[in-house]
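Text of start.cif (mmCIF, C-alpha atoms and all ligand atoms) as supplied:
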```
data_work
loop_
_atom_site.label_atom_id
_atom_site.label_comp_id
_atom_site.auth_asym_id
_atom_site.auth_seq_id
_atom_site.Cartn_x
_atom_site.Cartn_y
_atom_site.Cartn_z
CA MET A 463 119.79 -53.09 -263.84
CA LYS A 464 119.47 -52.67 -260.08
CA HIS A 465 120.06 -49.39 -258.24
CA TYR A 466 121.62 -49.91 -254.82
CA LEU A 467 121.67 -47.36 -252.01
CA VAL A 468 124.38 -48.44 -249.56
CA THR A 469 124.63 -46.43 -246.35
CA GLY A 470 127.82 -46.48 -244.29
CA GLY A 471 129.76 -47.50 -247.41
CA ALA A 472 132.91 -45.69 -246.24
CA GLY A 473 133.13 -47.80 -243.08
CA PHE A 474 134.64 -51.23 -242.54
CA ILE A 475 131.96 -53.67 -243.71
CA GLY A 476 130.14 -51.18 -245.96
CA ALA A 477 133.32 -50.49 -247.96
CA ASN A 478 134.07 -54.18 -248.30
CA TYR A 479 130.47 -54.66 -249.49
CA VAL A 480 130.82 -51.85 -252.06
CA LYS A 481 133.94 -53.57 -253.43
CA TYR A 482 132.19 -56.94 -253.38
CA ILE A 483 129.08 -55.91 -255.34
CA LEU A 484 131.07 -53.87 -257.88
CA LYS A 485 133.14 -57.00 -258.52
CA GLU A 486 130.18 -59.40 -258.56
CA HIS A 487 127.60 -57.44 -260.57
CA SER A 488 128.46 -55.51 -263.73
CA ASP A 489 124.93 -54.27 -264.28
CA ILE A 490 124.31 -52.10 -261.21
CA GLN A 491 124.26 -48.45 -260.19
CA LEU A 492 125.32 -47.60 -256.68
CA VAL A 493 124.80 -44.59 -254.43
CA ILE A 494 126.87 -44.56 -251.24
CA LEU A 495 125.49 -42.40 -248.43
CA ASP A 496 127.92 -41.83 -245.59
CA ASP A 497 128.32 -39.05 -243.04
CA LEU A 498 132.08 -39.66 -242.82
CA THR A 499 132.23 -39.85 -239.04
CA TYR A 500 135.54 -40.84 -237.42
CA ALA A 501 134.81 -44.40 -238.66
CA GLY A 502 134.19 -43.50 -242.29
CA ASN A 503 137.00 -42.72 -244.65
CA LEU A 504 136.84 -41.79 -248.31
CA GLY A 505 140.36 -43.14 -248.80
CA THR A 506 138.94 -46.61 -248.20
CA ILE A 507 136.77 -46.36 -251.30
CA LYS A 508 138.82 -43.96 -253.42
CA ASP A 509 139.29 -46.46 -256.26
CA ASP A 510 135.61 -47.43 -256.19
CA LEU A 511 134.59 -43.79 -256.50
CA LYS A 512 136.33 -43.66 -259.90
CA ASP A 513 133.90 -46.29 -261.17
CA PRO A 514 131.19 -44.65 -263.34
CA ARG A 515 128.58 -46.87 -261.65
CA VAL A 516 129.19 -45.17 -258.29
CA GLU A 517 128.01 -41.90 -256.80
CA PHE A 518 128.97 -40.74 -253.32
CA VAL A 519 126.76 -38.53 -251.15
CA LYS A 520 128.06 -37.13 -247.88
CA GLY A 521 125.22 -36.91 -245.39
CA SER A 522 123.44 -38.49 -242.48
CA ILE A 523 120.86 -41.26 -242.59
CA VAL A 524 119.04 -39.25 -239.94
CA ASP A 525 118.51 -36.33 -242.36
CA PRO A 526 115.18 -36.70 -244.27
CA GLN A 527 116.13 -34.12 -246.94
CA ILE A 528 119.37 -35.82 -247.93
CA VAL A 529 117.80 -39.27 -248.13
CA GLN A 530 114.80 -37.93 -250.02
CA SER A 531 117.04 -36.15 -252.54
CA ILE A 532 118.77 -39.46 -253.33
CA PHE A 533 115.45 -41.19 -254.00
CA GLU A 534 114.32 -38.23 -256.15
CA LYS A 535 117.44 -38.50 -258.29
CA HIS A 536 117.79 -42.30 -258.55
CA PRO A 537 115.26 -45.10 -258.99
CA ILE A 538 116.60 -46.96 -255.94
CA ASP A 539 115.66 -50.66 -255.84
CA PHE A 540 117.71 -51.83 -252.86
CA VAL A 541 118.62 -50.10 -249.61
CA VAL A 542 121.37 -51.81 -247.62
CA ASN A 543 121.71 -50.02 -244.30
CA PHE A 544 125.17 -50.43 -242.79
CA ALA A 545 125.41 -46.89 -241.40
CA ALA A 546 125.60 -46.98 -237.63
CA GLU A 547 127.62 -46.09 -234.61
CA SER A 548 129.23 -49.51 -234.21
CA HIS A 549 131.62 -49.54 -231.25
CA VAL A 550 130.37 -50.93 -227.93
CA ASP A 551 132.98 -49.03 -225.86
CA ARG A 552 131.96 -45.71 -227.39
CA SER A 553 128.29 -46.50 -226.71
CA ILE A 554 129.12 -46.83 -223.02
CA GLU A 555 130.60 -43.31 -223.12
CA ASN A 556 127.86 -41.67 -225.23
CA PRO A 557 124.65 -43.71 -225.55
CA GLN A 558 122.52 -40.92 -227.03
CA LEU A 559 124.42 -40.69 -230.30
CA PHE A 560 123.83 -44.42 -230.76
CA LEU A 561 120.09 -44.05 -230.35
CA GLN A 562 119.99 -41.13 -232.75
CA THR A 563 121.99 -42.72 -235.54
CA ASN A 564 121.04 -46.34 -235.16
CA ILE A 565 117.32 -46.03 -234.37
CA LEU A 566 116.20 -42.71 -235.83
CA GLY A 567 118.47 -43.14 -238.86
CA THR A 568 116.97 -46.56 -239.58
CA GLN A 569 113.44 -45.22 -239.21
CA ASN A 570 114.23 -42.35 -241.59
CA MET A 571 115.68 -44.72 -244.19
CA LEU A 572 112.62 -46.97 -243.94
CA ASP A 573 110.19 -44.09 -244.13
CA THR A 574 111.77 -42.54 -247.19
CA ALA A 575 112.05 -45.89 -248.99
CA LYS A 576 108.41 -46.61 -248.16
CA LYS A 577 107.32 -43.26 -249.56
CA PHE A 578 109.21 -43.65 -252.85
CA TRP A 579 108.46 -47.34 -253.33
CA THR A 580 104.70 -47.13 -252.75
CA VAL A 581 102.73 -47.34 -256.00
CA GLY A 582 99.22 -47.81 -254.61
CA LYS A 583 97.11 -49.32 -251.84
CA ASP A 584 95.33 -52.65 -251.57
CA GLU A 585 91.72 -53.03 -250.49
CA LYS A 586 92.74 -53.24 -246.81
CA GLY A 587 94.78 -50.07 -247.01
CA TYR A 588 98.26 -51.67 -247.08
CA PRO A 589 100.74 -50.00 -249.42
CA ILE A 590 101.58 -51.80 -252.67
CA TYR A 591 105.26 -51.53 -253.55
CA ARG A 592 107.11 -51.26 -256.81
CA GLU A 593 108.17 -54.72 -258.04
CA GLY A 594 111.64 -55.92 -256.99
CA VAL A 595 112.45 -53.44 -254.21
CA LYS A 596 113.89 -54.44 -250.85
CA TYR A 597 115.28 -52.88 -247.65
CA LEU A 598 118.02 -54.83 -245.86
CA GLN A 599 119.02 -53.96 -242.31
CA VAL A 600 122.53 -55.01 -241.33
CA SER A 601 122.19 -56.05 -237.72
CA THR A 602 124.28 -57.91 -235.20
CA ASP A 603 124.29 -61.03 -233.05
CA GLU A 604 124.62 -58.71 -230.04
CA VAL A 605 120.83 -58.17 -230.11
CA TYR A 606 120.51 -61.69 -228.66
CA GLY A 607 122.52 -60.83 -225.55
CA SER A 608 125.17 -63.10 -224.09
CA LEU A 609 125.56 -66.89 -224.01
CA GLY A 610 126.92 -69.15 -221.30
CA GLU A 611 129.38 -71.89 -222.11
CA THR A 612 127.03 -73.75 -224.45
CA GLY A 613 124.31 -73.02 -227.00
CA TYR A 614 123.97 -70.88 -230.10
CA PHE A 615 121.93 -67.90 -231.24
CA THR A 616 119.25 -68.89 -233.74
CA GLU A 617 116.79 -66.52 -235.42
CA LYS A 618 114.26 -67.54 -232.74
CA THR A 619 116.47 -66.64 -229.76
CA PRO A 620 114.71 -63.86 -227.78
CA LEU A 621 116.19 -60.40 -228.14
CA ASP A 622 118.10 -59.51 -224.97
CA PRO A 623 120.52 -56.65 -225.63
CA ARG A 624 122.77 -55.44 -222.82
CA SER A 625 124.91 -52.54 -224.01
CA PRO A 626 123.69 -49.17 -225.29
CA TYR A 627 125.03 -50.21 -228.71
CA SER A 628 123.17 -53.52 -228.81
CA ALA A 629 120.03 -51.90 -227.37
CA SER A 630 120.12 -49.34 -230.19
CA LYS A 631 120.61 -52.06 -232.83
CA THR A 632 117.71 -53.98 -231.30
CA GLY A 633 115.55 -50.86 -231.44
CA ALA A 634 116.46 -50.54 -235.11
CA ASP A 635 115.57 -54.18 -235.78
CA LEU A 636 112.22 -53.74 -234.08
CA ILE A 637 111.36 -50.71 -236.18
CA VAL A 638 112.26 -52.70 -239.31
CA VAL A 639 109.92 -55.47 -238.16
CA ALA A 640 107.25 -52.85 -237.47
CA TYR A 641 107.49 -51.54 -241.06
CA SER A 642 107.30 -55.10 -242.34
CA GLU A 643 104.22 -55.94 -240.26
CA THR A 644 102.39 -52.61 -240.33
CA TYR A 645 103.10 -51.52 -243.89
CA LYS A 646 104.00 -54.91 -245.45
CA MET A 647 107.27 -53.37 -246.53
CA PRO A 648 109.69 -55.84 -248.21
CA VAL A 649 112.56 -56.16 -245.74
CA ASN A 650 115.23 -58.51 -244.47
CA ILE A 651 117.40 -58.36 -241.38
CA THR A 652 120.80 -60.04 -241.21
CA ARG A 653 122.44 -60.63 -237.82
CA CYS A 654 126.12 -61.26 -238.01
CA SER A 655 128.91 -62.15 -235.61
CA ASN A 656 132.27 -60.34 -235.30
CA ASN A 657 133.84 -59.50 -238.64
CA TYR A 658 137.55 -59.19 -239.33
CA GLY A 659 139.51 -58.30 -242.44
CA PRO A 660 140.92 -55.30 -244.36
CA TYR A 661 139.85 -51.71 -243.56
CA HIS A 662 138.81 -52.55 -239.98
CA PHE A 663 139.14 -49.41 -237.87
CA PRO A 664 141.83 -49.91 -235.19
CA GLU A 665 139.57 -49.28 -232.23
CA LYS A 666 138.28 -52.87 -232.59
CA LEU A 667 140.18 -55.80 -231.08
CA ILE A 668 142.11 -57.33 -234.01
CA PRO A 669 143.27 -54.15 -235.80
CA LEU A 670 144.01 -52.46 -232.46
CA ILE A 671 146.27 -55.34 -231.43
CA ILE A 672 148.06 -55.25 -234.79
CA LYS A 673 148.55 -51.47 -234.54
CA ASN A 674 149.86 -51.67 -230.98
CA ILE A 675 152.31 -54.43 -231.85
CA LEU A 676 153.71 -52.39 -234.72
CA GLU A 677 154.14 -49.47 -232.31
CA GLY A 678 155.73 -51.70 -229.64
CA LYS A 679 152.88 -50.88 -227.22
CA LYS A 680 151.20 -53.08 -224.62
CA LEU A 681 148.22 -55.14 -225.79
CA PRO A 682 145.14 -54.39 -223.66
CA VAL A 683 142.96 -57.43 -222.95
CA TYR A 684 139.75 -56.68 -221.06
CA GLY A 685 139.09 -58.69 -217.89
CA ASP A 686 140.70 -62.13 -218.02
CA GLY A 687 140.46 -62.52 -221.80
CA SER A 688 138.02 -65.43 -221.56
CA ASN A 689 135.22 -63.72 -223.52
CA VAL A 690 134.35 -65.56 -226.70
CA ARG A 691 133.50 -64.10 -230.11
CA ASP A 692 132.57 -65.93 -233.33
CA TRP A 693 134.86 -64.45 -236.01
CA LEU A 694 133.80 -64.17 -239.65
CA TYR A 695 135.91 -62.96 -242.57
CA VAL A 696 134.34 -59.75 -243.86
CA GLU A 697 134.07 -60.84 -247.50
CA ASP A 698 132.05 -63.89 -246.42
CA HIS A 699 129.70 -61.52 -244.61
CA CYS A 700 129.35 -59.37 -247.75
CA LYS A 701 128.45 -62.44 -249.76
CA ALA A 702 125.85 -63.42 -247.18
CA ILE A 703 124.25 -59.98 -247.29
CA ASP A 704 124.05 -59.99 -251.07
CA SER A 705 122.57 -63.52 -251.06
CA VAL A 706 119.88 -62.44 -248.63
CA LEU A 707 119.18 -59.27 -250.60
CA LEU A 708 118.79 -61.11 -253.89
CA ARG A 709 117.33 -64.44 -252.77
CA GLY A 710 116.24 -64.20 -249.13
CA ARG A 711 112.58 -64.67 -248.31
CA THR A 712 110.97 -61.29 -247.74
CA GLY A 713 110.31 -60.45 -244.10
CA GLU A 714 112.83 -62.98 -242.78
CA VAL A 715 115.77 -62.65 -240.41
CA TYR A 716 119.00 -64.51 -241.29
CA ASN A 717 121.84 -65.16 -238.85
CA VAL A 718 125.34 -65.05 -240.31
CA GLY A 719 128.25 -66.60 -238.42
CA GLY A 720 131.72 -67.96 -238.90
CA HIS A 721 131.54 -71.26 -237.00
CA ASN A 722 134.67 -69.92 -235.43
CA GLU A 723 134.49 -69.27 -231.72
CA MET A 724 137.64 -68.02 -230.07
CA LYS A 725 138.57 -66.55 -226.70
CA ASN A 726 139.94 -63.00 -226.91
CA ILE A 727 143.20 -64.06 -225.27
CA ASP A 728 143.73 -66.70 -227.95
CA ILE A 729 143.05 -64.17 -230.71
CA VAL A 730 145.67 -61.86 -229.22
CA LYS A 731 148.26 -64.64 -228.84
CA LEU A 732 147.65 -65.84 -232.38
CA THR A 733 148.03 -62.31 -233.71
CA ILE A 734 151.35 -61.91 -231.89
CA ALA A 735 152.65 -65.24 -233.21
CA THR A 736 151.47 -64.56 -236.77
CA ILE A 737 153.02 -61.09 -236.96
CA ARG A 738 156.27 -62.46 -235.62
CA ARG A 739 156.32 -65.27 -238.18
CA LEU A 740 155.50 -62.91 -241.08
CA LEU A 741 158.20 -60.44 -239.98
CA GLU A 742 160.74 -63.26 -239.75
CA GLU A 743 159.78 -64.68 -243.14
CA ASN A 744 159.77 -61.38 -244.97
CA PRO A 745 162.13 -58.68 -243.67
CA GLU A 746 160.38 -56.17 -246.00
CA TYR A 747 157.46 -56.19 -243.55
CA GLY A 748 159.85 -54.69 -240.98
CA LYS A 749 159.07 -51.35 -242.65
CA ALA A 750 155.65 -51.49 -240.98
CA LEU A 751 157.29 -51.27 -237.54
CA LYS A 752 157.15 -47.79 -236.07
CA PHE A 753 160.54 -48.10 -234.36
CA SER A 754 163.84 -49.67 -235.29
CA SER A 755 164.22 -53.20 -233.98
CA PRO A 756 167.42 -55.17 -234.50
CA ASP A 757 165.71 -58.38 -233.37
CA LEU A 758 162.18 -59.59 -232.57
CA SER A 759 162.78 -60.92 -229.06
CA TRP A 760 160.35 -58.29 -227.66
CA LEU A 761 157.52 -59.68 -229.82
CA ASN A 762 155.99 -62.23 -227.46
CA ASP A 763 153.07 -62.76 -225.09
CA ASP A 764 154.65 -60.49 -222.44
CA LEU A 765 153.19 -57.59 -224.43
CA ILE A 766 149.76 -58.60 -223.17
CA THR A 767 148.36 -56.52 -220.32
CA PHE A 768 145.08 -57.38 -218.61
CA VAL A 769 143.11 -54.16 -218.12
CA LYS A 770 139.87 -53.16 -216.43
CA ASP A 771 136.95 -55.02 -217.96
CA ARG A 772 134.35 -53.44 -220.25
CA LEU A 773 131.20 -52.55 -218.29
CA GLY A 774 128.51 -55.19 -218.85
CA HIS A 775 130.92 -57.20 -221.02
CA ASP A 776 128.99 -59.94 -222.87
CA GLN A 777 130.67 -63.27 -222.19
CA ARG A 778 130.08 -65.27 -225.34
CA TYR A 779 128.51 -64.94 -228.80
CA ALA A 780 128.03 -67.88 -231.15
CA ILE A 781 125.80 -68.03 -234.21
CA ASP A 782 123.90 -70.95 -235.62
CA PRO A 783 123.81 -70.16 -239.37
CA THR A 784 121.77 -73.23 -240.37
CA LYS A 785 118.95 -71.17 -241.87
CA ILE A 786 121.06 -69.19 -244.33
CA THR A 787 123.02 -72.31 -245.25
CA THR A 788 119.92 -74.42 -245.83
CA GLU A 789 117.88 -71.80 -247.66
CA LEU A 790 120.53 -69.90 -249.59
CA GLY A 791 123.52 -72.25 -249.69
CA TRP A 792 125.74 -69.70 -247.94
CA TYR A 793 128.55 -70.85 -245.64
CA PRO A 794 131.69 -69.18 -244.21
CA GLU A 795 134.20 -70.01 -246.94
CA THR A 796 137.31 -68.47 -245.39
CA LYS A 797 138.94 -70.55 -242.68
CA PHE A 798 140.12 -68.43 -239.77
CA ALA A 799 143.68 -69.74 -240.14
CA ASP A 800 143.78 -68.27 -243.67
CA GLY A 801 141.68 -65.18 -243.00
CA ILE A 802 143.82 -63.96 -240.11
CA VAL A 803 147.03 -64.27 -242.13
CA LYS A 804 145.42 -62.43 -245.08
CA THR A 805 144.24 -59.72 -242.69
CA ILE A 806 147.58 -59.26 -240.96
CA ARG A 807 149.42 -59.19 -244.29
CA TRP A 808 146.99 -56.50 -245.45
CA TYR A 809 147.79 -54.36 -242.40
CA LEU A 810 151.53 -54.87 -242.84
CA GLU A 811 151.20 -53.71 -246.44
CA ASN A 812 148.76 -50.85 -245.83
CA GLN A 813 150.20 -48.80 -243.00
CA ASP A 814 149.46 -45.62 -244.97
CA TRP A 815 145.73 -46.43 -244.64
CA VAL A 816 146.08 -46.93 -240.87
CA GLU A 817 147.93 -43.64 -240.53
CA GLU A 818 145.33 -41.83 -242.60
CA VAL A 819 142.31 -43.09 -240.64
CA THR A 820 143.91 -42.58 -237.26
CA SER A 821 145.37 -39.15 -237.93
CA GLY A 822 142.23 -37.40 -236.60
CA ASP A 823 140.92 -37.80 -233.10
CA TYR A 824 142.12 -41.40 -232.66
CA GLN A 825 144.93 -40.41 -230.31
CA LYS A 826 142.55 -38.56 -228.03
CA TYR A 827 140.15 -41.52 -228.04
CA TYR A 828 142.96 -43.96 -227.23
CA GLU A 829 144.19 -41.89 -224.29
CA GLN A 830 140.66 -41.57 -222.94
CA MET A 831 139.86 -45.28 -223.30
CA TYR A 832 143.09 -46.88 -222.24
CA GLY A 833 144.95 -44.14 -220.33
CA ASN A 834 143.42 -45.03 -216.99
CA ARG A 835 142.79 -48.76 -217.42
P1 LIG B 901 132.00 -48.82 -238.95
O1 LIG B 901 131.92 -48.07 -237.67
O2 LIG B 901 133.32 -49.27 -239.46
O3 LIG B 901 131.34 -47.97 -240.12
C1 LIG B 901 130.15 -47.25 -239.93
C2 LIG B 901 129.98 -46.31 -241.12
O4 LIG B 901 128.74 -45.62 -240.96
C3 LIG B 901 131.08 -45.25 -241.23
O5 LIG B 901 131.48 -45.10 -242.57
C4 LIG B 901 130.39 -43.98 -240.73
O6 LIG B 901 130.93 -42.80 -241.30
C5 LIG B 901 128.97 -44.24 -241.18
N1 LIG B 901 127.98 -43.48 -240.40
C6 LIG B 901 127.91 -43.35 -239.05
N2 LIG B 901 126.86 -42.57 -238.73
C7 LIG B 901 126.26 -42.21 -239.90
C8 LIG B 901 125.12 -41.43 -240.22
N3 LIG B 901 124.38 -40.83 -239.28
N4 LIG B 901 124.79 -41.29 -241.52
C9 LIG B 901 125.52 -41.88 -242.50
N5 LIG B 901 126.62 -42.61 -242.25
C10 LIG B 901 126.98 -42.78 -240.96
O7 LIG B 901 131.01 -50.05 -238.78
P2 LIG B 901 131.11 -51.53 -239.36
O8 LIG B 901 131.92 -52.35 -238.44
O9 LIG B 901 131.46 -51.45 -240.80
O10 LIG B 901 129.60 -51.99 -239.18
C11 LIG B 901 128.65 -51.77 -240.24
C12 LIG B 901 127.30 -52.29 -239.79
O11 LIG B 901 127.39 -53.67 -239.49
C13 LIG B 901 126.78 -51.62 -238.52
O12 LIG B 901 125.39 -51.45 -238.67
C14 LIG B 901 127.08 -52.65 -237.41
O13 LIG B 901 126.14 -52.54 -236.38
C15 LIG B 901 126.92 -53.94 -238.18
N6 LIG B 901 127.73 -55.08 -237.70
C16 LIG B 901 129.08 -54.96 -237.53
C17 LIG B 901 129.83 -56.08 -237.16
C18 LIG B 901 131.33 -56.01 -236.99
O14 LIG B 901 131.93 -57.00 -236.53
N7 LIG B 901 131.98 -54.92 -237.34
C19 LIG B 901 129.18 -57.30 -236.93
C20 LIG B 901 127.80 -57.37 -237.07
C21 LIG B 901 127.08 -56.26 -237.49
O1 LIG B 902 129.25 -59.37 -232.52
C1 LIG B 902 129.12 -58.37 -233.50
C2 LIG B 902 129.71 -57.08 -232.99
O2 LIG B 902 131.12 -57.25 -232.99
C3 LIG B 902 129.29 -55.88 -233.82
O3 LIG B 902 127.91 -55.69 -233.73
C4 LIG B 902 130.03 -54.62 -233.35
O4 LIG B 902 129.72 -53.53 -234.21
C5 LIG B 902 131.51 -54.89 -233.41
O5 LIG B 902 132.22 -53.77 -232.92
C6 LIG B 902 131.87 -56.13 -232.59
O6 LIG B 902 131.62 -55.88 -231.17
P1 LIG B 902 132.64 -56.39 -230.04
O7 LIG B 902 132.44 -55.57 -228.84
O8 LIG B 902 132.58 -57.86 -229.91
O9 LIG B 902 134.04 -56.04 -230.79
P2 LIG B 902 135.42 -55.42 -230.21
O10 LIG B 902 136.42 -55.58 -231.31
O11 LIG B 902 135.22 -54.08 -229.65
O12 LIG B 902 135.79 -56.42 -229.05
C7 LIG B 902 135.96 -57.81 -229.28
C8 LIG B 902 136.26 -58.45 -227.95
O13 LIG B 902 137.58 -58.04 -227.52
C9 LIG B 902 135.33 -58.02 -226.83
O14 LIG B 902 135.11 -59.14 -225.98
C10 LIG B 902 136.08 -56.95 -226.08
C11 LIG B 902 137.53 -57.35 -226.26
N1 LIG B 902 138.53 -56.25 -226.35
C12 LIG B 902 138.29 -55.24 -227.22
C13 LIG B 902 139.20 -54.22 -227.35
C14 LIG B 902 138.94 -53.07 -228.30
C15 LIG B 902 139.68 -56.31 -225.58
O15 LIG B 902 139.90 -57.25 -224.80
N2 LIG B 902 140.59 -55.29 -225.71
C16 LIG B 902 140.39 -54.22 -226.54
O16 LIG B 902 141.25 -53.31 -226.59
#
```
Render the structure in this file as structure tokens.
Amino acid sequence: MKHYLVTGGAGFIGANYVKYILKEHSDIQLVILDDLTYAGNLGTIKDDLKDPRVEFVKGSIVDPQIVQSIFEKHPIDFVVNFAAESHVDRSIENPQLFLQTNILGTQNMLDTAKKFWTVGKDEKGYPIYREGVKYLQVSTDEVYGSLGETGYFTEKTPLDPRSPYSASKTGADLIVVAYSETYKMPVNITRCSNNYGPYHFPEKLIPLIIKNILEGKKLPVYGDGSNVRDWLYVEDHCKAIDSVLLRGRTGEVYNVGGHNEMKNIDIVKLTIATIRRLLEENPEYGKALKFSSPDLSWLNDDLITFVKDRLGHDQRYAIDPTKITTELGWYPETKFADGIVKTIRWYLENQDWVEEVTSGDYQKYYEQMYGNR
């Protein structure tokens, strides 16, 4: 039996990962550590919390006492660190919080795991660790910077972060590497492209566009909409992480990508067209609209509004996932054409979740971000 400690398990990818491992592995125990920031919501994992294999702890990865108390209580084998401040736009407004959570939080997780996993020292003074333990850092392709029109990020691409968010994630990656080199700690780093799927907080492009359409609002596209992201269905990402955790070579970095580059403007147009089609096919979905609409003539590309660009907006991300495919047999199983329909259907059917997670300070955030663009 393996004991997992999953941080950030009430957020978008973390929650999907919790659901994934509970489904995939019967013989596990799981502690979820999450500080329930604006991005974390217990409603997202309420069914999972009923599972006797799961324990939830509210607290910060930056807090040594909380993390230590989890290791004292549970014989943790695996740490999967999702917890982070994850939104680039917010990092431009408040960089310091990103450094605190993403860098110091990672260092605290590593340090506590190292302390509890050390069972001795070798003749050179390196720690010897309990058999079968591993720390996995969930990182991002943004650490590699921005691409021009061609080329891909491989694991050997030099780190070249540009936003406060990506700089903080790079700092975290470097401290993970430092623990691997200096203390021979068993670690992996995964670097993934843009995820999409259920439970995605509607400050990020795809869920924000869906939410705005359902409210009949304009759809803000930064700059000219030509920026390219490589979209990956979240469950495929969860599978990649678990493959690396269980079978990845210790000390290695694995890139995870969707082989699915798209311009933002095309994502937005596709989302408009898909919602329109689904609403036409199934009038029941009309209940998701936040206003009464006798016809759907308003639901077209005229909703798009080009707004002031993000500062330092990275032009293009694209991942080469050859290493994880060759070594671990992982590949992005969900085609974007299917994944986007699944995702939009989920949002049409789960408006109560959207209302719950945006009932707090979302409105204030939205006004601040988009009010003057
Ligand atoms: P998210 O913002 O949806 O969720 C983050 C979670 O971390 C939330 O539940 C939040 O409450 C929690 N959290 C924040 N600060 C915390 C703290 N100090 N202590 C404990 N918990 C804290 O983020 P996400 O999109 O699910 O991303 C998860 C991870 O994956 C992040 O590390 C992110 O950098 C990385 N990542 C995300 C994407 C993507 O497309 N979303 C792609 C690549 C990598
Ligand atoms: O590449 C992986 C990264 O993907 C993760 O590390 C981050 O945690 C995650 O948030 C995501 O970062 P992006 O900045 O790419 O995601 P976001 O959804 O914020 O934006 C996607 C693209 O859409 C980006 O080019 C900016 C643009 N955009 C975004 C929003 C919110 C718009 O044009 N309009 C918008 O309103």
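Nearest residue to ligand LIG 902 (chain B), choosing from A:Ala629, A:Ile523, A:Ala735, A:Val639 and counting all atoms listed in the file: A:Ala629.
What separates CA of Cys654 in chain A from atom C6 of ligand LIG 901 (chain B) is a distance of 18.0 Å.
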Once 5 Å is added on each side, what are the centre and the three edge lengths, in Å to one decimal, of the axis-aligned box enclosing the listed atoms of ligand LIG 902 (chain B)? Present them as lines of an AutoDock Vina configuration file.
```
center_x = 134.6
center_y = -56.2
center_z = -229.5
size_x = 23.3
size_y = 16.3
size_z = 19.4
```
Open item on the list: Counting all atoms listed in the file, what are the residues, protein, DNA or RNA alike, that approach ligand LIG 901 (chain B) to within 7 Å? I want them as a PyMOL selection string.
Closed with: chain A and resi 469-476+495-503+521-524+543-549+563+567+600-603+631+653-658+662-663
- [ ] Give me the residues within 9 Å of range 803-814 of chain A as a ChimeraX atom specification, counting all atoms listed in the file and dropping any in the same chain fewer than 5 places off.
- [x] /A:658-661,669,672-673,676,695,733,736-737,740,747-751,798,819
